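Everything on this sheet refers to the single structure shown next.
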Amino acid sequence: MTQSFNRKRPSFNQFRDWFLATADGYAPDKAGNPLSSWHSLGNEQLRQSILQSFLDDLEMKFGFRPLIKGNLHQLDTSIEGVANQIFHTFSTMFLVEHINAKMYGEPIKREH
């Protein structure tokens, strides 16, 4: 059974800090300032790795993986801007999962 609703939705600041910690693991000393350019962390492959790792962590913590449209690894914004985009999608999905759990009970995780 998932742990999604045994936990509260994190604040944006907490979520951003998780994202910065993940980024710092891949690009030490480059993710300290959330307003720095996303591209300053490294090449596209590195940024894709950061995103995949962060989304994997969210799935483990909350029982679902945010479905991100577009190519965030190419986005021309700040590091915080990327975290904000993921947070928006995460928050929407968290709310939907919470409503579904209230209406239908906790979902059963199926292997595909």
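Convention: chains lettered A, B, ... in structure tokens order; per-chain residue numbering from 1; ligands numbered from 1 as shown.
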
Residues at most 12 Å from range 14-25 of chain A, counting only C-alpha atoms, excluding those fewer than 6 positions away in the same chain, as a PDB file with C-alpha atoms, in the first residue's frame?
```pdb
ATOM      1  CA  LYS A   8       1.241  15.910   4.351  1.00  0.00           C
ATOM      2  CA  ALA A  31      23.241  24.304  -6.804  1.00  0.00           C
ATOM      3  CA  GLY A  32      23.664  26.517  -3.761  1.00  0.00           C
ATOM      4  CA  ASN A  33      21.760  29.451  -5.207  1.00  0.00           C
ATOM      5  CA  PRO A  34      18.216  28.491  -6.311  1.00  0.00           C
ATOM      6  CA  LEU A  35      18.125  31.559  -8.568  1.00  0.00           C
ATOM      7  CA  SER A  36      21.152  30.387 -10.578  1.00  0.00           C
ATOM      8  CA  TRP A  38      19.389  25.724 -14.548  1.00  0.00           C
ATOM      9  CA  HIS A  39      21.898  25.371 -17.397  1.00  0.00           C
ATOM     10  CA  SER A  40      24.763  26.351 -15.080  1.00  0.00           C
ATOM     11  CA  LEU A  41      24.549  22.944 -13.375  1.00  0.00           C
ATOM     12  CA  GLY A  42      25.906  21.128 -16.411  1.00  0.00           C
ATOM     13  CA  LEU A  46      23.436  15.784 -16.252  1.00  0.00           C
ATOM     14  CA  ARG A  47      20.218  17.783 -15.914  1.00  0.00           C
ATOM     15  CA  GLN A  48      18.203  14.763 -17.115  1.00  0.00           C
ATOM     16  CA  SER A  49      19.924  12.638 -14.468  1.00  0.00           C
ATOM     17  CA  ILE A  50      19.025  15.177 -11.773  1.00  0.00           C
ATOM     18  CA  LEU A  51      15.388  15.161 -12.884  1.00  0.00           C
ATOM     19  CA  GLN A  52      15.166  11.362 -13.057  1.00  0.00           C
ATOM     20  CA  SER A  53      16.726  10.950  -9.634  1.00  0.00           C
ATOM     21  CA  PHE A  54      14.440  13.554  -8.085  1.00  0.00           C
ATOM     22  CA  LEU A  55      11.304  12.048  -9.656  1.00  0.00           C
ATOM     23  CA  ASP A  56      12.397   8.575  -8.498  1.00  0.00           C
ATOM     24  CA  ASP A  57      12.764   9.936  -4.945  1.00  0.00           C
ATOM     25  CA  LEU A  58       9.290  11.493  -5.068  1.00  0.00           C
ATOM     26  CA  LYS A  61       8.350   8.996  -0.778  1.00  0.00           C
ATOM     27  CA  SER A  78      16.471  29.200 -12.828  1.00  0.00           C
ATOM     28  CA  ILE A  79      16.965  26.054 -10.775  1.00  0.00           C
ATOM     29  CA  GLU A  80      14.053  27.207  -8.618  1.00  0.00           C
ATOM     30  CA  GLY A  81      11.939  27.640 -11.758  1.00  0.00           C
ATOM     31  CA  VAL A  82      12.384  23.954 -12.578  1.00  0.00           C
ATOM     32  CA  ALA A  83      11.542  22.977  -8.986  1.00  0.00           C
ATOM     33  CA  ASN A  84       8.454  25.204  -9.211  1.00  0.00           C
ATOM     34  CA  GLN A  85       7.227  23.497 -12.384  1.00  0.00           C
ATOM     35  CA  ILE A  86       7.652  20.050 -10.842  1.00  0.00           C
ATOM     36  CA  PHE A  87       6.014  21.211  -7.603  1.00  0.00           C
ATOM     37  CA  HIS A  88       2.966  22.508  -9.447  1.00  0.00           C
ATOM     38  CA  PHE A  90       3.234  17.228  -7.992  1.00  0.00           C
ATOM     39  CA  SER A  91       0.741  19.288  -5.953  1.00  0.00           C
TER      40      SER A  91
END
```

Problem - Among the residues A:Thr92, A:Ser37, A:Asn13, A:Asn100, the one that comes closest to Arg65 in chain A [using only C-alpha atoms] - result: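 Ranked by minimum distance to Arg65 in chain A, first place goes to A:Thr92.
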
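For the residues A:Met60, A:Arg9, A:Gln45, A:Met93, ranking by smallest atom-to-atom distance to Tyr26 in chain A using only C-alpha atoms places A:Gln45 first.
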
Completion exercise
The distance between CA of Ala27 in chain A and CA of Glu44 in chain A is 12.5 Å

Practice task
Record the distance separating CA of Pro10 in chain A and CA of Gly70 in chain A, expressed in Å with one decimal.
Solution key: 23.6 Å
